[in-house]
Amino acid sequence: MKASAFVYPWDVNGDPEAPGRIAALGVQQVTLAAAYHSTRALTPRHPRHRIVTAEHAAVLYPPDDRWKGRVPRPYPAGDWAPGDAHGEAAAALAGAGLEVHTWVVLAHNSRLGAEHPDTSVVNAYGDRYPWAPCIAQPATRAYLVDLAAEAAVRPGARGTELESLGWYGLQHLHAHDKTGGVPLGDAGYYLMALCFCPTCKEGYGAQGVDADELAAAVRTALEPLWQGVVADEGWAGVEKLLGSQTAAATRAWRDETARTLQETAITAVRRAAPDGFQVLLHADPLTYRVGANPGVDPAHILSVADGVVVPCAGGPGLLTPFAEQGREDAVVAANLGVVSGMGGSPGTLASDAARARELGATEIRLYHAGLASDGDLAAVREGLAGL
């Protein structure tokens with residue numbers, strides 16, 4: 001199975017040993033961040049630093065003239081990834097014999113929401129999610145499409161992986177987060193993800209639903225959860241809380257909005273890319289799911305993209321709906337955690353990869369070569385050698 005490791009430019013730049021060390025893991029490819037959200041990252045082997053603080057979402061290369069005079073527009077990185085940090089790292093990794101694909105984070109940008117609050121998702125209570133751009137708004141959609149094309153097609157890249165190309169919701173790795181006190185489950189998180197910005201209100205109206213009445217219904221539906229009632233799992237839980245007809249109307253609006261954005265962004269990437277350029281989406285097979293791996297319809301997404309990268313932290317079960325499409329040419333990549341301190345299991349990589357292959361995975365992704373300890377990387381080398 002082809003294996004790719006996720007990498008940040010700051011894992012590589014300034015560390016001449018990094019490219020060879022990553023290649024020695026036994027991977028054939030790296031998925032190198034080109035546009036990324038804010039983060040605080042460990043660099044346990046770098047000769048110059050141990051902690052990198054990316055203060056805001058940024059592109060890790062110099063953006064071009066297409067953004068002149070536009071709002072919103074991408075932000076250049078600060079001193080954590082100066083200049084063409086992606087290009088520098090990509091050249092070093094390619095020099096070690098690794099195929100480089102870009103890693104592009106799209107609808108996840110806290111600085112955008114802080115500086116332009118009207119771009120953010122607004123929940124039924126009127127709270128804004130500054131980390132979550134509303135993907136229904138025309139200006140935001142245009143920004144995301146152009147960002148996808150620019151960040152994906154960097155010099156030397158053979159393909160891209162587009163993360164967060166869909167709806168984002170309440171779930172967010174936020175500094176000093178204190179939102180886990182009430183277990184919302186799938187149903188509660190879906191209701192908390194519904195957006196009530198002016199564009200989405202119009203969208204619900206087009207589905208025959210009054211937006212103000214819908215917001216009131218969502219607040220009523222959530223009230224038992226705030227009191228400790230546990231909602232039913234999955235979409236059935238949403239239907240029970242909101243009513244099947246109303247729930248279907250919200251999903252129709254949101255599914256169409258995400259699907260058309262994904263189609264448009266993938267088309268833009270292909271137009272900008274050379275022949276043979278691979279386009280994958282980080283995706284979940286349930287369309288009502290939100291976040292870094294937004295929900296998609298498996299049949300549809302495999303008709304427009306070259307494949308998907310599927311989260312497997314909770315097990316490999318989400319691979320099956322994609323594999324069942326029977327697309328022999330599609331990539332179905334299992335995303336496996338290999339950082340033991342972050343819940344990954346590098347010691348079971350070989351068996352996890354074998355189980356993923358049984359369920360239809362054609363490739364694996366390893367999260368994350370830069371964050372892992374030396375012991376984790378040793379286990380990865382052993383695991384990949386056993387495949």
# chains A, B, ... in the order shown; residues from 1 in each chain; ligands from 1
>>> residues_around(residues="Tyr61 of chain A", least_positions_apart="4", cutoff="8 Å", atoms="only C-alpha atoms", output="list in words")
Ala34, Pro76, Ala77, Pro82, Gly83, Asp84, Ala85, His86 and Gly87 of chain A
>>> closest_atom_pairs(of="segment 17-81 of chain A", to="segment 279-294 of chain A", cutoff="12 Å", atoms="only C-alpha atoms", output="tab-separated table")
residue	atom	partner	partner_atom	distance
A:Thr31	CA	A:Leu280	CA	11.2
A:Tyr36	CA	A:Ala292	CA	11.4
A:His37	CA	A:Ala292	CA	10.7
>>> residues_around(residues="Ala157 of chain A", least_positions_apart="5", cutoff="7 Å", atoms="only C-alpha atoms", output="PyMOL selection string")
chain A and resi 100-102
>>> residues_around(residues="Gly343 of chain A", least_positions_apart="6", cutoff="12 Å", atoms="only C-alpha atoms", output="PyMOL selection string")
chain A and resi 312-314+336-337+367-368+372+376
>>> write_last_selection(atoms="N, CA and C atoms", output="tab-separated table (two decimals), in the first residue's frame")
chain	number	residue	atom	x	y	z
A	312	CYS	N	-9.79	7.59	10.47
A	312	CYS	CA	-9.92	6.25	11.03
A	312	CYS	C	-9.55	6.20	12.50
A	313	ALA	N	-9.56	7.36	13.17
A	313	ALA	CA	-9.21	7.36	14.60
A	313	ALA	C	-10.18	6.53	15.41
A	314	GLY	N	-11.44	6.47	14.99
A	314	GLY	CA	-12.42	5.65	15.70
A	314	GLY	C	-12.59	4.27	15.10
A	336	LEU	N	-4.44	7.28	9.50
A	336	LEU	CA	-4.12	6.58	10.74
A	336	LEU	C	-3.22	7.44	11.62
A	337	GLY	N	-3.57	7.58	12.87
A	337	GLY	CA	-2.75	8.32	13.81
A	337	GLY	C	-1.55	7.51	14.25
A	367	TYR	N	-0.54	10.35	10.33
A	367	TYR	CA	-0.58	11.63	11.02
A	367	TYR	C	0.15	11.48	12.36
A	368	HIS	N	1.46	11.99	12.49
A	368	HIS	CA	2.02	13.05	11.67
A	368	HIS	C	3.52	12.88	11.86
A	372	ALA	N	5.56	13.27	15.85
A	372	ALA	CA	5.80	12.00	16.53
A	372	ALA	C	7.15	11.96	17.25
A	376	ASP	N	7.88	6.62	18.38
A	376	ASP	CA	6.77	6.45	17.44
A	376	ASP	C	7.28	6.23	16.02
>>> residues_around(residues="Arg355 of chain A", least_positions_apart="6", cutoff="10 Å", atoms="only C-alpha atoms", output="VMD selection string")
chain A and resid 315 to 317 349 361
>>> write_last_selection(atoms="all heavy atoms", output="PDB file, in the first residue's frame")
ATOM      1  N   GLY A 315     -11.656   3.855  14.270  1.00  0.00           N
ATOM      2  CA  GLY A 315     -11.756   2.586  13.568  1.00  0.00           C
ATOM      3  C   GLY A 315     -11.954   2.823  12.081  1.00  0.00           C
ATOM      4  O   GLY A 315     -12.253   3.937  11.646  1.00  0.00           O
ATOM      5  N   PRO A 316     -11.809   1.762  11.296  1.00  0.00           N
ATOM      6  CA  PRO A 316     -11.816   1.927   9.835  1.00  0.00           C
ATOM      7  C   PRO A 316     -13.188   1.857   9.187  1.00  0.00           C
ATOM      8  O   PRO A 316     -13.286   1.811   7.968  1.00  0.00           O
ATOM      9  CB  PRO A 316     -10.939   0.763   9.372  1.00  0.00           C
ATOM     10  CG  PRO A 316     -11.208  -0.314  10.391  1.00  0.00           C
ATOM     11  CD  PRO A 316     -11.415   0.403  11.692  1.00  0.00           C
ATOM     12  N   GLY A 317     -14.256   1.863   9.976  1.00  0.00           N
ATOM     13  CA  GLY A 317     -15.587   1.646   9.420  1.00  0.00           C
ATOM     14  C   GLY A 317     -16.036   2.665   8.398  1.00  0.00           C
ATOM     15  O   GLY A 317     -16.844   2.347   7.509  1.00  0.00           O
ATOM     16  N   LEU A 349       0.435  -0.284  13.610  1.00  0.00           N
ATOM     17  CA  LEU A 349       0.269   0.248  12.259  1.00  0.00           C
ATOM     18  C   LEU A 349       0.072  -0.858  11.236  1.00  0.00           C
ATOM     19  O   LEU A 349      -0.814  -0.761  10.370  1.00  0.00           O
ATOM     20  CB  LEU A 349       1.485   1.105  11.893  1.00  0.00           C
ATOM     21  CG  LEU A 349       1.515   1.650  10.456  1.00  0.00           C
ATOM     22  CD1 LEU A 349       0.288   2.487  10.164  1.00  0.00           C
ATOM     23  CD2 LEU A 349       2.795   2.453  10.222  1.00  0.00           C
ATOM     24  N   ALA A 361      -9.466   0.205   1.747  1.00  0.00           N
ATOM     25  CA  ALA A 361      -8.443   1.236   1.614  1.00  0.00           C
ATOM     26  C   ALA A 361      -7.431   0.834   0.560  1.00  0.00           C
ATOM     27  O   ALA A 361      -6.985  -0.319   0.510  1.00  0.00           O
ATOM     28  CB  ALA A 361      -7.748   1.476   2.949  1.00  0.00           C
TER      29      ALA A 361
END
>>> residues_around(residues="Leu302 of chain A", least_positions_apart="6", cutoff="12 Å", atoms="only C-alpha atoms", output="ChimeraX atom specification")
/A:259,262-263,266,279-281,283,285,296,308-309,321-332
>>> closest_residue(among="A:Pro44, A:Gly26, A:Pro155, A:Gly180", to="Leu371 of chain A", atoms="only C-alpha atoms")
A:Pro44
>>> atom_distance(atom1="atom CA of Ala151 of chain A", atom2="atom CA of Glu88 of chain A")
14.6 Å
>>> select_by_dssp(residues="segment 44-261 of chain A", states="alpha helix (DSSP H)", output="VMD selection string")
chain A and resid 85 to 95 110 to 115 138 to 152 185 to 193 198 to 206 211 to 226 234 to 242 244 to 261
>>> closest_residue(among="A:Pro117, A:Asp146, A:Gly383, A:Leu25", to="Arg70 of chain A", atoms="only C-alpha atoms")
A:Asp146
>>> residues_around(residues="Ala92 of chain A", least_positions_apart="6", cutoff="9 Å", atoms="only C-alpha atoms", output="list in words")
Val12, Asn13, Pro16, Ala18 and Pro19 of chain A
>>> select_by_dssp(residues="segment 70-269 of chain A", states="strand (DSSP E or B)", output="list in words")
Pro76, Glu99, Val100, His101, Thr102, Trp103, Val104, Val105, Ser120, Val121, Val122, Arg128, Tyr129, Pro130, Trp131, Ala132, Pro133, Gly159, Thr160, Glu161, Leu162 and Glu163 of chain A
>>> atom_distance(atom1="atom CA of Leu173 of chain A", atom2="atom CA of Val122 of chain A")
18.2 Å
>>> atom_distance(atom1="atom CA of Asp64 of chain A", atom2="atom CA of Thr39 of chain A")
24.0 Å
